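run.pdb follows; it contains PDB, C-alpha atoms.
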```
ATOM      1  CA  MET A   1       0.000   0.000   0.000
ATOM      2  CA  LEU A   2       1.421   3.351  -1.053
ATOM      3  CA  ARG A   3       1.226   6.466   1.177
ATOM      4  CA  ALA A   4       1.572   9.967  -0.199
ATOM      5  CA  VAL A   5       4.001  12.299   1.518
ATOM      6  CA  CYS A   6       3.114  15.967   1.652
ATOM      7  CA  PRO A   7       6.078  18.139   0.564
ATOM      8  CA  PHE A   8       4.823  20.926   2.851
ATOM      9  CA  GLY A   9       4.979  18.547   5.794
ATOM     10  CA  VAL A  10       8.575  17.621   4.959
ATOM     11  CA  ARG A  11       9.559  21.271   4.806
ATOM     12  CA  MET A  12       7.928  21.917   8.201
ATOM     13  CA  LYS A  13       9.912  19.108   9.801
ATOM     14  CA  ALA A  14      13.192  20.517   8.401
ATOM     15  CA  ALA A  15      12.313  23.967   9.717
ATOM     16  CA  ASP A  16      11.532  22.494  13.136
ATOM     17  CA  LYS A  17      14.946  20.836  13.240
ATOM     18  CA  THR A  18      16.638  24.101  12.238
ATOM     19  CA  GLY A  19      14.821  26.005  14.983
ATOM     20  CA  GLN A  20      15.704  23.377  17.567
ATOM     21  CA  SER A  21      19.396  23.560  16.567
ATOM     22  CA  MET A  22      19.345  27.351  16.902
ATOM     23  CA  ILE A  23      17.835  27.171  20.396
ATOM     24  CA  GLU A  24      20.392  24.558  21.455
ATOM     25  CA  ALA A  25      23.229  26.709  20.065
ATOM     26  CA  CYS A  26      21.953  29.771  21.952
ATOM     27  CA  LEU A  27      21.742  27.810  25.210
ATOM     28  CA  ALA A  28      25.260  26.438  24.695
ATOM     29  CA  ILE A  29      26.643  29.945  23.995
ATOM     30  CA  LEU A  30      24.903  31.282  27.108
ATOM     31  CA  ILE A  31      26.404  28.568  29.309
ATOM     32  CA  ILE A  32      29.873  29.118  27.817
ATOM     33  CA  CYS A  33      29.610  32.881  28.409
ATOM     34  CA  LEU A  34      28.601  32.288  32.042
ATOM     35  CA  ILE A  35      31.579  29.967  32.518
ATOM     36  CA  PHE A  36      34.000  32.504  31.054
ATOM     37  CA  ALA A  37      32.456  35.317  33.137
ATOM     38  CA  GLY A  38      32.875  33.162  36.244
ATOM     39  CA  ILE A  39      36.516  32.406  35.409
ATOM     40  CA  PHE A  40      37.199  36.102  34.796
ATOM     41  CA  GLN A  41      35.580  37.090  38.103
ATOM     42  CA  VAL A  42      37.546  34.451  40.037
ATOM     43  CA  SER A  43      40.782  35.699  38.445
ATOM     44  CA  GLN A  44      39.920  39.243  39.548
ATOM     45  CA  ILE A  45      39.326  38.008  43.099
ATOM     46  CA  PHE A  46      42.738  36.313  43.190
ATOM     47  CA  VAL A  47      44.414  39.500  41.933
ATOM     48  CA  ALA A  48      42.503  41.595  44.489
ATOM     49  CA  ARG A  49      43.709  39.359  47.299
ATOM     50  CA  GLU A  50      47.318  39.755  46.130
ATOM     51  CA  ILE A  51      46.843  43.529  46.106
ATOM     52  CA  LEU A  52      45.582  43.392  49.700
ATOM     53  CA  SER A  53      48.668  41.398  50.684
ATOM     54  CA  TYR A  54      50.854  44.025  49.016
ATOM     55  CA  SER A  55      48.957  46.784  50.818
ATOM     56  CA  ALA A  56      49.443  45.052  54.164
ATOM     57  CA  SER A  57      53.181  44.648  53.511
ATOM     58  CA  ARG A  58      53.555  48.364  52.673
ATOM     59  CA  ALA A  59      51.641  49.290  55.819
ATOM     60  CA  ALA A  60      53.761  46.938  57.929
ATOM     61  CA  ARG A  61      56.878  48.564  56.515
ATOM     62  CA  ALA A  62      55.521  51.987  57.474
ATOM     63  CA  ARG A  63      54.795  50.691  60.979
ATOM     64  CA  THR A  64      58.260  49.224  61.524
ATOM     65  CA  VAL A  65      59.935  52.577  60.821
ATOM     66  CA  GLY A  66      57.752  54.370  63.365
ATOM     67  CA  PHE A  67      54.876  55.987  61.462
ATOM     68  CA  ASN A  68      51.707  56.465  63.495
ATOM     69  CA  LYS A  69      48.465  54.578  62.821
ATOM     70  CA  TRP A  70      46.961  57.300  60.627
ATOM     71  CA  MET A  71      50.009  57.279  58.376
ATOM     72  CA  VAL A  72      49.987  53.474  58.294
ATOM     73  CA  ARG A  73      46.357  53.571  57.207
ATOM     74  CA  LYS A  74      47.102  56.057  54.411
ATOM     75  CA  VAL A  75      49.986  53.937  53.144
ATOM     76  CA  ALA A  76      47.744  50.869  53.116
ATOM     77  CA  ARG A  77      45.001  52.706  51.207
ATOM     78  CA  VAL A  78      47.464  53.917  48.582
ATOM     79  CA  GLY A  79      48.667  50.329  48.215
ATOM     80  CA  CYS A  80      45.054  49.282  47.539
ATOM     81  CA  ILE A  81      44.313  51.823  44.802
ATOM     82  CA  ALA A  82      44.082  49.010  42.253
ATOM     83  CA  ASN A  83      41.156  47.591  44.298
ATOM     84  CA  ALA A  84      39.498  50.955  44.905
ATOM     85  CA  GLY A  85      37.520  51.352  41.691
ATOM     86  CA  ARG A  86      36.791  54.617  39.920
ATOM     87  CA  ILE A  87      38.412  57.835  41.083
ATOM     88  CA  VAL A  88      35.843  60.302  42.447
ATOM     89  CA  GLU A  89      38.062  63.053  43.861
ATOM     90  CA  PRO A  90      39.275  65.058  42.074
ATOM     91  CA  ALA A  91      36.575  64.839  39.412
ATOM     92  CA  TYR A  92      37.837  65.212  35.852
ATOM     93  CA  ASP A  93      36.651  64.876  32.270
ATOM     94  CA  TYR A  94      38.780  62.817  29.918
ATOM     95  CA  SER A  95      38.859  64.024  26.355
ATOM     96  CA  ASP A  96      41.679  63.499  23.866
ATOM     97  CA  PRO A  97      41.156  64.853  20.318
ATOM     98  CA  GLY A  98      43.870  62.592  18.881
ATOM     99  CA  ILE A  99      42.178  59.450  20.160
ATOM    100  CA  GLN A 100      38.767  60.662  18.983
ATOM    101  CA  ASP A 101      40.129  61.348  15.478
ATOM    102  CA  ALA A 102      41.795  57.906  15.369
ATOM    103  CA  VAL A 103      38.552  56.183  16.391
ATOM    104  CA  ALA A 104      36.687  58.070  13.651
ATOM    105  CA  THR A 105      39.386  57.335  11.035
ATOM    106  CA  TYR A 106      40.584  53.771  11.598
ATOM    107  CA  GLY A 107      38.708  50.509  11.698
ATOM    108  CA  PRO A 108      38.796  48.422  14.902
ATOM    109  CA  GLY A 109      41.619  46.139  13.705
ATOM    110  CA  GLU A 110      43.825  48.949  12.426
ATOM    111  CA  LEU A 111      43.216  51.022  15.556
ATOM    112  CA  TRP A 112      44.200  48.073  17.755
ATOM    113  CA  GLU A 113      47.395  47.495  15.749
ATOM    114  CA  ASN A 114      48.363  51.171  16.021
ATOM    115  CA  VAL A 115      47.858  51.191  19.786
ATOM    116  CA  MET A 116      49.694  47.901  20.360
ATOM    117  CA  GLY A 117      52.478  48.887  17.967
ATOM    118  CA  GLY A 118      53.201  52.081  19.864
ATOM    119  CA  SER A 119      52.346  54.553  17.097
ATOM    120  CA  LEU A 120      49.238  55.649  18.983
ATOM    121  CA  GLN A 121      49.624  55.892  22.744
ATOM    122  CA  PRO A 122      46.586  57.299  24.561
ATOM    123  CA  PRO A 123      47.527  59.528  27.503
ATOM    124  CA  SER A 124      46.264  58.704  30.991
ATOM    125  CA  THR A 125      44.807  61.698  32.796
ATOM    126  CA  GLN A 126      44.169  59.579  35.893
ATOM    127  CA  VAL A 127      47.824  58.544  36.147
ATOM    128  CA  ASP A 128      48.882  62.199  35.969
ATOM    129  CA  ILE A 129      46.400  63.047  38.727
ATOM    130  CA  GLU A 130      47.568  60.184  40.932
ATOM    131  CA  VAL A 131      51.244  61.057  40.516
ATOM    132  CA  ALA A 132      50.472  64.599  41.658
ATOM    133  CA  ARG A 133      47.933  63.817  44.372
ATOM    134  CA  ILE A 134      49.309  60.724  46.159
ATOM    135  CA  PRO A 135      52.192  62.615  47.869
ATOM    136  CA  GLU A 136      49.740  65.334  48.888
ATOM    137  CA  TYR A 137      47.347  62.689  50.213
ATOM    138  CA  LEU A 138      50.107  61.126  52.313
ATOM    139  CA  TRP A 139      50.858  64.553  53.786
ATOM    140  CA  ALA A 140      47.206  65.205  54.747
ATOM    141  CA  PRO A 141      46.993  65.537  58.557
ATOM    142  CA  THR A 142      43.348  64.463  58.962
ATOM    143  CA  PRO A 143      40.924  62.067  57.209
ATOM    144  CA  ALA A 144      38.636  64.967  56.235
ATOM    145  CA  GLN A 145      41.438  66.797  54.429
ATOM    146  CA  ALA A 146      42.719  63.613  52.833
ATOM    147  CA  LYS A 147      39.275  62.846  51.398
ATOM    148  CA  TYR A 148      39.277  66.134  49.484
ATOM    149  CA  VAL A 149      42.733  65.469  48.072
ATOM    150  CA  LEU A 150      42.149  61.964  46.680
ATOM    151  CA  ASP A 151      39.285  59.501  46.919
ATOM    152  CA  TYR A 152      37.938  56.423  45.123
ATOM    153  CA  GLU A 153      34.491  54.888  45.020
ATOM    154  CA  ASP A 154      35.502  51.666  46.827
ATOM    155  CA  TRP A 155      38.157  52.974  49.220
ATOM    156  CA  ASP A 156      35.697  52.872  52.110
ATOM    157  CA  SER A 157      35.275  49.115  51.620
ATOM    158  CA  ILE A 158      38.922  48.650  52.662
ATOM    159  CA  SER A 159      39.895  48.518  56.332
ATOM    160  CA  VAL A 160      43.336  48.267  57.907
ATOM    161  CA  LEU A 161      43.930  46.535  61.236
ATOM    162  CA  ASP A 162      47.153  47.304  63.069
ATOM    163  CA  LEU A 163      47.659  44.257  65.275
ATOM    164  CA  THR A 164      51.206  45.172  66.253
ATOM    165  CA  PRO A 165      51.806  44.853  70.011
ATOM    166  CA  SER A 166      52.853  48.120  71.634
ATOM    167  CA  GLY A 167      54.207  49.169  74.983
ATOM    168  CA  PRO A 168      57.294  48.305  77.034
ATOM    169  CA  GLY A 169      59.190  45.177  76.077
ATOM    170  CA  VAL A 170      57.942  44.862  72.503
ATOM    171  CA  VAL A 171      61.360  45.182  70.851
ATOM    172  CA  GLY A 172      61.891  42.219  68.554
ATOM    173  CA  ILE A 173      58.171  41.435  68.256
ATOM    174  CA  LEU A 174      56.856  41.308  64.705
ATOM    175  CA  ALA A 175      54.722  44.101  63.290
ATOM    176  CA  HIS A 176      51.414  42.619  62.186
ATOM    177  CA  ILE A 177      49.126  44.400  59.707
ATOM    178  CA  LYS A 178      45.948  43.018  58.185
ATOM    179  CA  ALA A 179      44.155  44.613  55.215
ATOM    180  CA  GLN A 180      40.522  43.592  54.676
ATOM    181  CA  GLN A 181      37.992  44.441  51.979
ATOM    182  CA  ASP A 182      34.420  43.652  51.044
ATOM    183  CA  TYR A 183      35.479  43.362  47.432
ATOM    184  CA  PRO A 184      32.708  44.335  44.989
ATOM    185  CA  MET A 185      32.101  41.865  42.181
ATOM    186  CA  LYS A 186      31.307  43.823  39.027
ATOM    187  CA  VAL A 187      31.485  41.190  36.310
ATOM    188  CA  PRO A 188      28.052  40.884  34.678
ATOM    189  CA  ALA A 189      25.973  37.844  35.683
ATOM    190  CA  HIS A 190      28.109  37.089  38.755
ATOM    191  CA  GLY A 191      24.839  36.403  40.561
ATOM    192  CA  ALA A 192      24.544  33.203  38.512
ATOM    193  CA  PHE A 193      27.333  31.603  40.539
ATOM    194  CA  TYR A 194      27.501  33.664  43.772
ATOM    195  CA  ASN A 195      24.648  34.921  45.933
ATOM    196  CA  SER A 196      26.227  38.225  46.988
ATOM    197  CA  ASP A 197      27.606  41.348  45.316
ATOM    198  CA  THR A 198      30.730  41.364  47.515
ATOM    199  CA  VAL A 199      33.242  38.829  48.772
ATOM    200  CA  GLU A 200      35.332  39.195  51.932
ATOM    201  CA  LEU A 201      39.061  39.258  51.219
ATOM    202  CA  GLU A 202      42.077  39.911  53.386
ATOM    203  CA  GLY A 203      45.834  40.099  53.202
ATOM    204  CA  GLU A 204      48.290  40.283  56.060
ATOM    205  CA  ALA A 205      51.965  40.866  56.598
ATOM    206  CA  TYR A 206      54.542  40.425  59.356
ATOM    207  CA  LEU A 207      57.809  42.360  59.573
ATOM    208  CA  ASP A 208      60.503  42.730  62.217
ATOM    209  CA  ASN A 209      59.387  45.554  64.468
ATOM    210  CA  HIS A 210      62.442  47.620  65.290
ATOM    211  CA  TYR A 211      61.116  51.182  65.702
ATOM    212  CA  PRO A 212      60.695  50.882  69.531
ATOM    213  CA  LEU A 213      64.492  50.904  69.695
ATOM    214  CA  TYR A 214      64.535  54.598  68.857
ATOM    215  CA  LEU A 215      60.932  55.914  68.936
ATOM    216  CA  ASP A 216      58.048  56.093  71.376
ATOM    217  CA  ASP A 217      54.766  56.386  69.464
ATOM    218  CA  ASP A 218      52.593  56.880  72.592
ATOM    219  CA  ASN A 219      50.208  54.336  71.024
ATOM    220  CA  LEU A 220      48.965  56.890  68.452
TER     221      LEU A 220
END
```
Is it possible to give me this structure as structure tokens?
Amino acid sequence: MLRAVCPFGVRMKAADKTGQSMIEACLAILIICLIFAGIFQVSQIFVAREILSYSASRAARARTVGFNKWMVRKVARVGCIANAGRIVEPAYDYSDPGIQDAVATYGPGELWENVMGGSLQPPSTQVDIEVARIPEYLWAPTPAQAKYVLDYEDWDSISVLDLTPSGPGVVGILAHIKAQQDYPMKVPAHGAFYNSDTVELEGEAYLDNHYPLYLDDDNL
């Protein structure tokens, strides 16, 4: 017995298969993007923790040469600038006519090659500001004055604990500094693999504490 096959029905089945393949491809791309976003966020967290360890070591160094706790805190905050996010004080507008002309003139590939090859080097206004302001910030006598010299959006998420013993008989005891931060996770879709917008990180450092040999800090 022969059965007729409708050509329209055959075409509908092929279209269904094509649509199913497209949906599967989209789901696969979405999962891959989430995995890469997660890997990128984890790598940022590892780098942030190393920066906190560096900050703690700089603060411990400041402590061992006799700086007071306010100066130690400032040194630690400067060491954590890479974790501090966008600069908010002083406010500035970045505009470079040369870069704008290059973007309007070159295609993406040619622009990238010119930048990587060294023929087009965009200036960094923020670096110029930081070079000028960091020494002034370290000289600031109070937190209120320091905040108007230099500030970043995430600096307040960083805390510095000076756990160095003080008082008579502490010569030879190690200086102990701990830098902590509620590190903000800013990679898109981080909520897919972590249920908070921040992660607690810390770094600490120990150094030989020799300043009591020649200074008395009065526990300041």
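Between atom CA of Val160 of chain A and atom CA of His176 of chain A the interatomic distance comes to 10.7 Å.
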Taking the file as I've supplied it (selection: the PyMOL selection byres ((chain A and resi 180-189) around 8)), which residues are included? Please answer as a PDB file with C-alpha atoms, keeping the file's coordinate frame.
```pdb
ATOM      1  CA  LEU A  34      28.601  32.288  32.042  1.00  0.00           C
ATOM      2  CA  ALA A  37      32.456  35.317  33.137  1.00  0.00           C
ATOM      3  CA  PHE A  40      37.199  36.102  34.796  1.00  0.00           C
ATOM      4  CA  GLN A  41      35.580  37.090  38.103  1.00  0.00           C
ATOM      5  CA  ILE A  45      39.326  38.008  43.099  1.00  0.00           C
ATOM      6  CA  ALA A  48      42.503  41.595  44.489  1.00  0.00           C
ATOM      7  CA  LEU A  52      45.582  43.392  49.700  1.00  0.00           C
ATOM      8  CA  ASN A  83      41.156  47.591  44.298  1.00  0.00           C
ATOM      9  CA  SER A 157      35.275  49.115  51.620  1.00  0.00           C
ATOM     10  CA  ILE A 158      38.922  48.650  52.662  1.00  0.00           C
ATOM     11  CA  SER A 159      39.895  48.518  56.332  1.00  0.00           C
ATOM     12  CA  VAL A 160      43.336  48.267  57.907  1.00  0.00           C
ATOM     13  CA  LEU A 161      43.930  46.535  61.236  1.00  0.00           C
ATOM     14  CA  LYS A 178      45.948  43.018  58.185  1.00  0.00           C
ATOM     15  CA  ALA A 179      44.155  44.613  55.215  1.00  0.00           C
ATOM     16  CA  HIS A 190      28.109  37.089  38.755  1.00  0.00           C
ATOM     17  CA  GLY A 191      24.839  36.403  40.561  1.00  0.00           C
ATOM     18  CA  ALA A 192      24.544  33.203  38.512  1.00  0.00           C
ATOM     19  CA  ASP A 197      27.606  41.348  45.316  1.00  0.00           C
ATOM     20  CA  THR A 198      30.730  41.364  47.515  1.00  0.00           C
ATOM     21  CA  VAL A 199      33.242  38.829  48.772  1.00  0.00           C
ATOM     22  CA  GLU A 200      35.332  39.195  51.932  1.00  0.00           C
ATOM     23  CA  LEU A 201      39.061  39.258  51.219  1.00  0.00           C
ATOM     24  CA  GLU A 202      42.077  39.911  53.386  1.00  0.00           C
ATOM     25  CA  GLY A 203      45.834  40.099  53.202  1.00  0.00           C
TER      26      GLY A 203
END
```
Which residues of segment 77-118 of chain A come within 10 Å of segment 56-70 of chain A, and what is each one's closest atom pair and distance in Å (one decimal), counting all atoms listed in the file, sorted by chain and residue number, as a Markdown table?
```
| residue | atom | partner | partner_atom | distance |
| --- | --- | --- | --- | --- |
| A:Arg77 | CA | A:Ala59 | CA | 8.8 |
| A:Val78 | CA | A:Arg58 | CA | 9.2 |
| A:Gly79 | CA | A:Arg58 | CA | 6.9 |
| A:Cys80 | CA | A:Ala56 | CA | 9.0 |
```
In terms of all atoms listed in the file, the residue from A:Pro97, A:Pro90, A:Gly85, A:Pro165 at minimal distance from Tyr148 of chain A is A:Pro90
Residues within 10 Å of (48.1, 61.1, 57.1), file coords, only C-alpha atoms, listed as a VMD selection string: chain A and resid 67 to 75 136 to 143 145 to 146
